[in-house]
Every structure is written in C-alpha cells, then in structure tokens.
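Peer 1: One structure follows; several queries about it will come next.
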Amino acid sequence: MENDHRVVVLGAGYTGMMTAIRLARRTRRADARITLVNPSERFTERLRMHQLAAGRHLADHRIPDLLAGTGVSFVRGTATAIDPDGRTVVVDDGATTLDYDTLVYALGSSADTSRVPGADAHAFTLDSPRTAVSFATRLGELAATGGSVTVCGSGLTGVEAATEIAEAHPGLNVTLVGLDEPGAMMSAKARAHLHRALDRLGVTVKVGARVTKVLPDAVELETGEVLPSDACLWTAGVTASSLAADAGIAVDERGLILVDATLRSVSHPGVHAVGDAAAVRLPWGRIHGTCQSGLPTAQYTADTIARLLRGRPVRPFRFGYVHQPVSLGRRDAVIQFTHADDTPRRAYLKGRVAVRYKETVSASPVKVYRLSRRMNVSVTFFKGGRATRDRARRTLFGTPGSSSGLEV
C-alpha cells in the first residue's frame, strides 16, 4: 500500500462526489487510494436548496452511504490549507494532514454576501441545508401573520426560490429584485411563460434595481427606494473559496483555478480543478458554474487521472450546453433548450411535461452515483460539436507549422 498513488478530492458536492466514485471504478485494478474530504456527512443537493428554503422536506442522503463499496475513504472535516509543493492538505487547522500525489479541487462556490453592506448579517443564503432550513423557519414564523420577503438576485436561482416561496406561502408578499430581467437568457416565448408564472404566483419583480444595503427589516436600492423586508434571501452572485489562492495556486480574478485544456492547474499540474472551482475556457468563452457543466468536468477528470496513471494519452476537455431547466414552484416549470454556448434555441418545454423533465434532471446525480459504483455512466450529453472538436485537434496536434501539442 505504500506505493499506492494517493488521490485526495476536496469537496463532496456534485462534482467531487462524481470524481471520487468514477475514479474509484476506473482505478479498481490500479494501485490508487482515493480520499474524499467534506465538512459534512450529508450530501447537499444544491439543485433543491430552494425547495428546502420554502419549507419542503428533502431526502437525507449520506456521503458514506453513497460511497459504500467503492473503496473511497471519507474524511469529515474542512480543508484549511494546501501545500502544493509538499503535496499535503491540512484539515481542520492541523487536526489531520493528508499527503497526496494528485489533488482534485472541487470546493465550488458560495453566495457572495461581501459586496453589499448588511447582506452578510441580515440575509439568508442557499449555501447549505442548515442555512436553507433557517430561512424556512423564518418563513414559517411570517406565514402566521403575513409579511414581506425579498429575493435579491434575478438569475435562475432567484427565480426558482421566489416562485417556490410564493407557492408554498401564498400569504407572504414576495419581491424578486435584480439588475437583469428574469429569464433574460431565454427565448421570448420561454421567457414569457416564466413571467406568467411570476404573475400568477403574485411575485413582484423589480428589474434594473441594484441593492445597496440590507437592513434587518428592509432592503435599500440604489434609487433610494426602501423595500420592507421581513426576510431577505441572497442569490446575487457567488464567490470562490480562497484556499487555492492562499496556497499560491494560479487563479483568475474570480479566484477560480486557471487550468489547461485537460483541466489541470497551469501552475501545479498535480492539481486538477472541476466544476465552478475551475476557470474553464472553451471556444465561445468561459463555462459557468452549473451542475450541467460541472458533472462532465468531474467525469472527464476521473477518466484523465486514470489514463495518466496508465501512461495513456489524454484528449482535451470538450463540452456543450443543451438546456436551462427552471422550476416555477412544484406544479410548473420551463425548459429552454440551448446551443452549445448556452444561447437559446427556439425549442422549449413548459407546464407539466417541463415539471417532469426538471425533476428528472434534479434527481439524476444521486442515481448516477449509485449506478457509477457498478458501471461507467456518462454524464456528458454533448461535447460542443465542431467548435470544440476543432479546438481539440489543434491542441492535440498543434496548429499548421507548429510543433506544439498536448503535454501529459
């Protein structure tokens, strides 16, 4: 066992869990030891946090149960320091030190409450089951007497949260506040359905509104308007963990690890970054942190590490978006189908069929983990077509007149 290749995976969210389980299967005949580190034993279904925040009950999936039979070791704790040169990870400020040969950085992101005064003190987030349940408890208190709820951030997370809250608590006044129009990235017809749902559920929408301060009982806007708010939910922007930057690993302006075409750190190739911890650039631009793009990075990274351990060549990462699934409460949804770069196609789904589609998407990760313990299950539905294929060829073989290629 002393000569085993040690792989440490930091973070047991959607991407970290996928990487650990798939890598365990891909290296079951190799000398590899895989350790997964996470602060909690509970697997957090981030796709469902808005349901929990509205007072719904979710299944309690335990990480050790999902790992059962894989051979992956689970360490409950928080990674507090990385030494990429010495190849060690410190857990819980020195309580445990883990040596690694390969590190998979899957710490993801959290709500950014640092940019607006009062947001960190007076706003709830969807970062964990604990914070979501705290918000749900507050909604339960308000529901008895009526009150005002403000959801800050008009992206798809904010839309899902606002509609879920309004449907579960029809006596509350729910306001969705954001700079952009809800569903701005969708086609006109899909966006119109989304807005009809907001209207039907009584959600007040304020577009072009920048929040400048969060108070205990109100939200202040840049225009000077003050919105009464007995409970504020913050979904406006995310921030990355500072752990990589603190360790001297090269990161971009957002704190995401700069990676090459194989999702390895450009400064420390022994570090692989997945999901929204990685600054991944494809021909049309950067991919954004979603489960849809995150799981393919995890699948790819597990396969890449396995291939490197066998001394086999590695092809560049390829990916293309296929859809934007959005729940609008429990009885409605809209699914916008997209081009590879996430721009909308004409096709979309709405109503009950969209509800079933969305539930299938939300439930799929846990099902995939269980299947992946016994077989290799692909979660990459589209690799981006010609654009990424041409990029892969250029990276592998170099451009005409060039001797450069992919180093593995």
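Identifiers in the structure tokens: chain A, B, ... in order shown; residue index from 1 per chain; ligand index from 1 in order shown.
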Residues near Thr175 of chain A, anyone? I mean within 9 Å using only C-alpha atoms, not counting same-chain ones fewer than 3 positions away, as an NGL selection string.
Peer 2: :A and (148-152 or 162 or 202-206 or 227 or 229)
Peer 1: Please, could you write that set of residues out with all heavy atoms as a CSV table (one decimal), in the first residue's frame?
Peer 2:
```csv
chain,number,residue,atom,x,y,z
A,148,SER,N,-43.3,40.4,4.4
A,148,SER,CA,-42.6,40.7,3.1
A,148,SER,C,-41.3,39.9,3.0
A,148,SER,O,-40.5,39.9,4.0
A,148,SER,CB,-42.4,42.2,3.0
A,148,SER,OG,-43.6,42.9,3.0
A,149,VAL,N,-41.1,39.2,1.9
A,149,VAL,CA,-39.9,38.5,1.6
A,149,VAL,C,-39.2,39.1,0.4
A,149,VAL,O,-39.9,39.3,-0.6
A,149,VAL,CB,-40.2,37.0,1.4
A,149,VAL,CG1,-38.9,36.2,1.1
A,149,VAL,CG2,-40.9,36.4,2.7
A,150,THR,N,-37.9,39.3,0.4
A,150,THR,CA,-37.2,39.8,-0.7
A,150,THR,C,-36.2,38.8,-1.1
A,150,THR,O,-35.4,38.4,-0.3
A,150,THR,CB,-36.5,41.2,-0.4
A,150,THR,OG1,-37.4,42.1,0.2
A,150,THR,CG2,-35.9,41.8,-1.6
A,151,VAL,N,-36.2,38.5,-2.4
A,151,VAL,CA,-35.2,37.6,-3.0
A,151,VAL,C,-34.3,38.5,-3.9
A,151,VAL,O,-34.7,39.1,-4.9
A,151,VAL,CB,-35.8,36.5,-3.9
A,151,VAL,CG1,-34.7,35.6,-4.5
A,151,VAL,CG2,-36.7,35.6,-3.0
A,152,CYS,N,-33.0,38.6,-3.5
A,152,CYS,CA,-32.1,39.5,-4.2
A,152,CYS,C,-31.3,38.7,-5.2
A,152,CYS,O,-30.6,37.8,-4.8
A,152,CYS,CB,-31.2,40.2,-3.2
A,152,CYS,SG,-32.0,41.3,-2.0
A,162,ALA,N,-38.0,32.4,-5.6
A,162,ALA,CA,-39.1,33.3,-5.4
A,162,ALA,C,-40.4,32.6,-5.7
A,162,ALA,O,-41.4,32.7,-5.0
A,162,ALA,CB,-39.0,34.5,-6.4
A,202,GLY,N,-48.1,35.9,-7.9
A,202,GLY,CA,-48.1,37.1,-7.1
A,202,GLY,C,-46.7,37.7,-6.8
A,202,GLY,O,-46.6,38.5,-5.8
A,203,VAL,N,-45.7,37.3,-7.5
A,203,VAL,CA,-44.3,37.8,-7.2
A,203,VAL,C,-44.2,39.1,-7.8
A,203,VAL,O,-44.4,39.3,-9.1
A,203,VAL,CB,-43.3,36.8,-7.7
A,203,VAL,CG1,-41.9,37.3,-7.5
A,203,VAL,CG2,-43.4,35.4,-7.1
A,204,THR,N,-43.8,40.1,-7.1
A,204,THR,CA,-43.4,41.4,-7.6
A,204,THR,C,-42.0,41.4,-8.1
A,204,THR,O,-41.1,40.9,-7.4
A,204,THR,CB,-43.6,42.5,-6.5
A,204,THR,OG1,-44.9,42.5,-6.0
A,204,THR,CG2,-43.2,43.9,-7.0
A,205,VAL,N,-41.8,41.9,-9.3
A,205,VAL,CA,-40.5,41.9,-9.9
A,205,VAL,C,-40.0,43.3,-10.1
A,205,VAL,O,-40.7,44.2,-10.7
A,205,VAL,CB,-40.5,41.2,-11.3
A,205,VAL,CG1,-39.1,41.2,-11.9
A,205,VAL,CG2,-41.0,39.7,-11.1
A,206,LYS,N,-38.8,43.6,-9.6
A,206,LYS,CA,-38.1,44.9,-9.8
A,206,LYS,C,-36.9,44.7,-10.6
A,206,LYS,O,-35.9,44.1,-10.1
A,206,LYS,CB,-37.8,45.5,-8.5
A,206,LYS,CG,-39.1,46.0,-7.7
A,206,LYS,CD,-38.7,46.9,-6.6
A,206,LYS,CE,-40.0,47.6,-6.0
A,206,LYS,NZ,-40.5,48.6,-6.9
A,227,LEU,N,-37.4,48.9,0.4
A,227,LEU,CA,-38.4,47.9,0.3
A,227,LEU,C,-38.5,47.2,1.7
A,227,LEU,O,-37.5,46.7,2.2
A,227,LEU,CB,-38.0,46.8,-0.7
A,227,LEU,CG,-37.7,47.3,-2.1
A,227,LEU,CD1,-37.3,46.1,-3.0
A,227,LEU,CD2,-38.9,47.9,-2.7
A,229,SER,N,-38.8,44.4,4.2
A,229,SER,CA,-38.4,43.0,4.1
A,229,SER,C,-38.2,42.4,5.4
A,229,SER,O,-37.2,42.6,6.1
A,229,SER,CB,-37.0,43.0,3.3
A,229,SER,OG,-36.6,41.7,3.1
```
Peer 1: Please identify all polymer residues within 10 Å of Ala111 of chain A, counting only C-alpha atoms, omitting same-chain residues fewer than 6 positions from it, and present them as a PDB file with N, CA, C and O atoms, in the first residue's frame.
Peer 2:
```pdb
ATOM      1  N   ASP A 120     -24.253  40.118   4.692  1.00  0.00           N
ATOM      2  CA  ASP A 120     -23.689  39.014   5.469  1.00  0.00           C
ATOM      3  C   ASP A 120     -24.376  38.852   6.817  1.00  0.00           C
ATOM      4  O   ASP A 120     -24.469  37.741   7.357  1.00  0.00           O
ATOM      5  N   PHE A 124     -30.261  35.652   4.313  1.00  0.00           N
ATOM      6  CA  PHE A 124     -30.079  34.204   4.298  1.00  0.00           C
ATOM      7  C   PHE A 124     -29.512  33.804   2.937  1.00  0.00           C
ATOM      8  O   PHE A 124     -29.626  34.535   1.958  1.00  0.00           O
ATOM      9  N   THR A 125     -28.906  32.619   2.878  1.00  0.00           N
ATOM     10  CA  THR A 125     -28.394  32.089   1.613  1.00  0.00           C
ATOM     11  C   THR A 125     -28.872  30.647   1.431  1.00  0.00           C
ATOM     12  O   THR A 125     -29.458  30.050   2.339  1.00  0.00           O
ATOM     13  N   LEU A 126     -28.571  30.097   0.260  1.00  0.00           N
ATOM     14  CA  LEU A 126     -28.884  28.700  -0.045  1.00  0.00           C
ATOM     15  C   LEU A 126     -27.615  27.849  -0.072  1.00  0.00           C
ATOM     16  O   LEU A 126     -27.552  26.838  -0.759  1.00  0.00           O
ATOM     17  N   ASP A 127     -26.618  28.248   0.699  1.00  0.00           N
ATOM     18  CA  ASP A 127     -25.319  27.577   0.645  1.00  0.00           C
ATOM     19  C   ASP A 127     -25.323  26.183   1.261  1.00  0.00           C
ATOM     20  O   ASP A 127     -24.479  25.353   0.914  1.00  0.00           O
ATOM     21  N   TRP A 234     -30.446  35.906  -0.288  1.00  0.00           N
ATOM     22  CA  TRP A 234     -29.419  36.460  -1.171  1.00  0.00           C
ATOM     23  C   TRP A 234     -28.983  35.426  -2.194  1.00  0.00           C
ATOM     24  O   TRP A 234     -28.411  34.391  -1.863  1.00  0.00           O
ATOM     25  N   THR A 235     -29.261  35.710  -3.477  1.00  0.00           N
ATOM     26  CA  THR A 235     -28.836  34.826  -4.566  1.00  0.00           C
ATOM     27  C   THR A 235     -28.087  35.621  -5.634  1.00  0.00           C
ATOM     28  O   THR A 235     -27.953  35.155  -6.770  1.00  0.00           O
ATOM     29  N   ALA A 236     -27.599  36.797  -5.287  1.00  0.00           N
ATOM     30  CA  ALA A 236     -26.979  37.714  -6.254  1.00  0.00           C
ATOM     31  C   ALA A 236     -25.466  37.531  -6.284  1.00  0.00           C
ATOM     32  O   ALA A 236     -24.728  38.241  -5.609  1.00  0.00           O
ATOM     33  N   GLY A 237     -25.011  36.593  -7.065  1.00  0.00           N
ATOM     34  CA  GLY A 237     -23.578  36.407  -7.247  1.00  0.00           C
ATOM     35  C   GLY A 237     -22.971  35.402  -6.296  1.00  0.00           C
ATOM     36  O   GLY A 237     -23.498  35.139  -5.209  1.00  0.00           O
ATOM     37  N   VAL A 238     -21.850  34.822  -6.717  1.00  0.00           N
ATOM     38  CA  VAL A 238     -21.154  33.820  -5.914  1.00  0.00           C
ATOM     39  C   VAL A 238     -19.689  34.190  -5.784  1.00  0.00           C
ATOM     40  O   VAL A 238     -19.162  35.026  -6.536  1.00  0.00           O
ATOM     41  N   THR A 239     -19.027  33.572  -4.823  1.00  0.00           N
ATOM     42  CA  THR A 239     -17.599  33.786  -4.619  1.00  0.00           C
ATOM     43  C   THR A 239     -16.924  32.440  -4.419  1.00  0.00           C
ATOM     44  O   THR A 239     -17.541  31.486  -3.936  1.00  0.00           O
ATOM     45  N   ALA A 240     -15.674  32.366  -4.829  1.00  0.00           N
ATOM     46  CA  ALA A 240     -14.923  31.121  -4.705  1.00  0.00           C
ATOM     47  C   ALA A 240     -14.181  31.073  -3.383  1.00  0.00           C
ATOM     48  O   ALA A 240     -13.879  32.107  -2.769  1.00  0.00           O
TER      49      ALA A 240
END
```
Peer 1: Between atom CA of Thr113 of chain A and atom CA of Arg138 of chain A, what is the distance, to one decimal in Å?
Peer 2: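 Calculated distance between atom CA of Thr113 of chain A and atom CA of Arg138 of chain A is 19.0 Å.
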Peer 1: Would you list the contacts of Ser327 of chain A as a PyMOL selection string, taking every protein, DNA or RNA residue within 12 Å and counting only C-alpha atoms, but skipping same-chain residues closer than 6 positions in sequence?
Peer 2: chain A and resi 47-51+156-165+167+183+193-194+197-198+333-336+349-362
Peer 1: Could you go through segment 270-392 of chain A and tell me which residues DSSP, when run on the backbone, assigns to strand (DSSP E), listing them as a PyMOL selection string?
Peer 2: chain A and resi 271-273+278-279+281-282+285-286+323-327+333-338+344-350
Peer 1: Pick out the residues sitting within 10 Å of segment 214-220 of chain A, and hand them over as a PyMOL selection string; count only C-alpha atoms, and ignore anything fewer than 3 positions along from it in its own chain.
Peer 2: chain A and resi 116-123+148-150+152+177+209-211+223-232+234
Peer 1: Could you give me, as CSV, a per-residue list for segment 261-339 of chain A showing, wherever an atom lies at most 9 Å from an atom of segment 80-103 of chain A, the closest pair of atoms and their distance in Å to one decimal, using only C-alpha atoms and sorting by chain then residue number from low to high?
Peer 2:
```
residue,atom,partner,partner_atom,distance
A:His268,CA,A:Pro84,CA,7.0
A:Pro269,CA,A:Thr102,CA,8.7
A:Gly270,CA,A:Thr102,CA,5.1
A:Val271,CA,A:Leu103,CA,4.8
A:His272,CA,A:Leu103,CA,6.1
A:Ala273,CA,A:Leu103,CA,8.4
A:Ile305,CA,A:Thr102,CA,8.3
```
Peer 1: To one decimal place in Å, what is the distance between atom CA of Gly171 of chain A and atom CA of Thr145 of chain A?
Peer 2: 8.5 Å
Peer 1: For Thr212 of chain A, which of A:Ser114, A:Trp284, A:Ala245, A:Ala340 is the closest residue, counting only C-alpha atoms?
Peer 2: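 With only C-alpha atoms as the atom set, the closest residue is A:Ser114.
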Peer 1: Please, which residues of segment 60-291 of chain A, numbered as in this document, come out helix (DSSP H, G or I) from DSSP, as a ChimeraX atom specification?
Peer 2: /A:63-67,92-94,119-122,129-143,156-168,188-200,243-246,275-277,291
Peer 1: Name all residues at most 12 Å from Ile287 of chain A (count only C-alpha atoms; drop same-chain ones fewer than 3 positions away) and give them as JSON, numbers by chain.
Peer 2: {"A": [256, 274, 275, 276, 277, 278, 279, 280, 281, 282, 283, 284, 290, 291, 292, 293, 294, 296, 297, 317, 318, 319, 320, 321, 340, 341, 342, 384]}
Peer 1: Pull N, CA, C and O atoms from the residues just selected and write them as an mmCIF file, in the first residue's frame.
Peer 2:
```
data_model
loop_
_atom_site.group_PDB
_atom_site.id
_atom_site.type_symbol
_atom_site.label_atom_id
_atom_site.label_comp_id
_atom_site.auth_asym_id
_atom_site.auth_seq_id
_atom_site.Cartn_x
_atom_site.Cartn_y
_atom_site.Cartn_z
ATOM 1 N N LEU A 256 -10.964 31.456 -9.285
ATOM 2 C CA LEU A 256 -11.052 30.115 -9.839
ATOM 3 C C LEU A 256 -9.689 29.667 -10.350
ATOM 4 O O LEU A 256 -8.903 30.469 -10.861
ATOM 5 N N VAL A 274 -12.281 21.045 -10.867
ATOM 6 C CA VAL A 274 -13.536 20.652 -11.520
ATOM 7 C C VAL A 274 -14.664 21.593 -11.099
ATOM 8 O O VAL A 274 -14.581 22.293 -10.087
ATOM 9 N N GLY A 275 -15.745 21.576 -11.897
ATOM 10 C CA GLY A 275 -16.933 22.360 -11.565
ATOM 11 C C GLY A 275 -16.653 23.844 -11.543
ATOM 12 O O GLY A 275 -15.810 24.365 -12.284
ATOM 13 N N ASP A 276 -17.364 24.553 -10.659
ATOM 14 C CA ASP A 276 -17.199 26.003 -10.611
ATOM 15 C C ASP A 276 -16.005 26.425 -9.777
ATOM 16 O O ASP A 276 -15.884 27.593 -9.402
ATOM 17 N N ALA A 277 -15.071 25.506 -9.514
ATOM 18 C CA ALA A 277 -13.778 25.860 -8.934
ATOM 19 C C ALA A 277 -12.743 26.090 -10.022
ATOM 20 O O ALA A 277 -11.646 26.574 -9.747
ATOM 21 N N ALA A 278 -13.088 25.738 -11.269
ATOM 22 C CA ALA A 278 -12.142 25.813 -12.382
ATOM 23 C C ALA A 278 -12.519 26.909 -13.358
ATOM 24 O O ALA A 278 -13.694 27.080 -13.694
ATOM 25 N N ALA A 279 -11.523 27.641 -13.827
ATOM 26 C CA ALA A 279 -11.727 28.657 -14.866
ATOM 27 C C ALA A 279 -11.544 27.973 -16.210
ATOM 28 O O ALA A 279 -10.442 27.921 -16.754
ATOM 29 N N VAL A 280 -12.635 27.430 -16.738
ATOM 30 C CA VAL A 280 -12.582 26.654 -17.978
ATOM 31 C C VAL A 280 -13.013 27.529 -19.139
ATOM 32 O O VAL A 280 -14.123 28.068 -19.134
ATOM 33 N N ARG A 281 -12.160 27.663 -20.120
ATOM 34 C CA ARG A 281 -12.478 28.470 -21.301
ATOM 35 C C ARG A 281 -12.578 27.567 -22.522
ATOM 36 O O ARG A 281 -11.665 26.794 -22.803
ATOM 37 N N LEU A 282 -13.688 27.687 -23.222
ATOM 38 C CA LEU A 282 -13.929 26.963 -24.459
ATOM 39 C C LEU A 282 -13.977 27.973 -25.607
ATOM 40 O O LEU A 282 -13.908 29.188 -25.359
ATOM 41 N N PRO A 283 -14.094 27.540 -26.839
ATOM 42 C CA PRO A 283 -14.014 28.489 -27.964
ATOM 43 C C PRO A 283 -14.983 29.669 -27.869
ATOM 44 O O PRO A 283 -14.676 30.757 -28.342
ATOM 45 N N TRP A 284 -16.173 29.457 -27.293
ATOM 46 C CA TRP A 284 -17.146 30.551 -27.225
ATOM 47 C C TRP A 284 -17.025 31.365 -25.935
ATOM 48 O O TRP A 284 -17.759 32.324 -25.729
ATOM 49 N N THR A 290 -22.523 25.394 -13.207
ATOM 50 C CA THR A 290 -23.804 24.726 -13.052
ATOM 51 C C THR A 290 -23.540 23.235 -12.912
ATOM 52 O O THR A 290 -22.466 22.746 -13.269
ATOM 53 N N CYS A 291 -24.530 22.507 -12.430
ATOM 54 C CA CYS A 291 -24.415 21.057 -12.376
ATOM 55 C C CYS A 291 -24.265 20.488 -13.784
ATOM 56 O O CYS A 291 -23.541 19.502 -14.002
ATOM 57 N N GLN A 292 -24.919 21.113 -14.763
ATOM 58 C CA GLN A 292 -24.882 20.642 -16.145
ATOM 59 C C GLN A 292 -23.456 20.608 -16.694
ATOM 60 O O GLN A 292 -23.073 19.665 -17.387
ATOM 61 N N SER A 293 -22.672 21.627 -16.394
ATOM 62 C CA SER A 293 -21.285 21.649 -16.864
ATOM 63 C C SER A 293 -20.334 21.016 -15.864
ATOM 64 O O SER A 293 -19.287 20.479 -16.240
ATOM 65 N N GLY A 294 -20.708 21.045 -14.577
ATOM 66 C CA GLY A 294 -19.816 20.529 -13.546
ATOM 67 C C GLY A 294 -19.621 19.026 -13.599
ATOM 68 O O GLY A 294 -18.495 18.522 -13.500
ATOM 69 N N PRO A 296 -19.834 16.898 -16.159
ATOM 70 C CA PRO A 296 -18.900 16.490 -17.215
ATOM 71 C C PRO A 296 -17.434 16.771 -16.875
ATOM 72 O O PRO A 296 -16.558 15.985 -17.257
ATOM 73 N N THR A 297 -17.139 17.883 -16.179
ATOM 74 C CA THR A 297 -15.741 18.119 -15.788
ATOM 75 C C THR A 297 -15.277 17.055 -14.807
ATOM 76 O O THR A 297 -14.110 16.641 -14.824
ATOM 77 N N PHE A 317 -10.523 18.544 -22.799
ATOM 78 C CA PHE A 317 -11.915 18.565 -22.331
ATOM 79 C C PHE A 317 -12.793 19.236 -23.374
ATOM 80 O O PHE A 317 -12.453 20.279 -23.920
ATOM 81 N N ARG A 318 -13.946 18.604 -23.641
ATOM 82 C CA ARG A 318 -14.934 19.163 -24.558
ATOM 83 C C ARG A 318 -16.303 19.141 -23.892
ATOM 84 O O ARG A 318 -16.638 18.200 -23.171
ATOM 85 N N PHE A 319 -17.085 20.182 -24.155
ATOM 86 C CA PHE A 319 -18.411 20.270 -23.537
ATOM 87 C C PHE A 319 -19.264 21.278 -24.288
ATOM 88 O O PHE A 319 -18.769 22.281 -24.798
ATOM 89 N N GLY A 320 -20.579 21.007 -24.319
ATOM 90 C CA GLY A 320 -21.534 21.967 -24.852
ATOM 91 C C GLY A 320 -22.823 21.912 -24.051
ATOM 92 O O GLY A 320 -23.249 20.837 -23.619
ATOM 93 N N TYR A 321 -23.441 23.054 -23.829
ATOM 94 C CA TYR A 321 -24.712 23.117 -23.095
ATOM 95 C C TYR A 321 -25.847 22.565 -23.937
ATOM 96 O O TYR A 321 -25.801 22.593 -25.176
ATOM 97 N N ALA A 340 -24.701 25.071 -27.979
ATOM 98 C CA ALA A 340 -23.563 24.665 -27.143
ATOM 99 C C ALA A 340 -23.068 25.786 -26.241
ATOM 100 O O ALA A 340 -22.615 25.538 -25.118
ATOM 101 N N ASP A 341 -23.169 27.038 -26.719
ATOM 102 C CA ASP A 341 -22.671 28.171 -25.935
ATOM 103 C C ASP A 341 -23.708 28.719 -24.961
ATOM 104 O O ASP A 341 -23.531 29.795 -24.405
ATOM 105 N N ASP A 342 -24.800 28.008 -24.772
ATOM 106 C CA ASP A 342 -25.865 28.344 -23.829
ATOM 107 C C ASP A 342 -26.808 29.437 -24.323
ATOM 108 O O ASP A 342 -27.643 29.923 -23.562
ATOM 109 N N GLY A 384 -20.054 19.711 -27.572
ATOM 110 C CA GLY A 384 -19.865 21.032 -28.159
ATOM 111 C C GLY A 384 -19.767 21.066 -29.661
ATOM 112 O O GLY A 384 -19.639 22.137 -30.260
#
```
Peer 1: Can you work out the spacing between atom CA of Arg264 of chain A and atom CA of Val314 of chain A in Å, to one decimal?
Peer 2: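 If I compute the distance from atom CA of Arg264 of chain A to atom CA of Val314 of chain A, I get 11.5 Å.
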Peer 1: Which residues, written as a ChimeraX atom specification, have at least one atom at most 8 Å from segment 20-29 of chain A, with only C-alpha atoms counted and residues fewer than 3 positions away on the same chain left out?
Peer 2: /A:9,16-17,32,34-36,67,70-72,299,302-303,305-306,369,372-376
Peer 1: For Thr78 of chain A, which residue among A:Ala250, A:Val37, A:Leu179, A:Ala53 is the nearest when counting only C-alpha atoms?
Peer 2: A:Val37
Peer 1: Kindly indicate which residue among A:Val259, A:Met185, A:Ala166, A:Ala68 lies nearest to Arg286 of chain A, using only C-alpha atoms for the distances.
Peer 2: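 For Arg286 of chain A, the nearest of the candidates is A:Val259.
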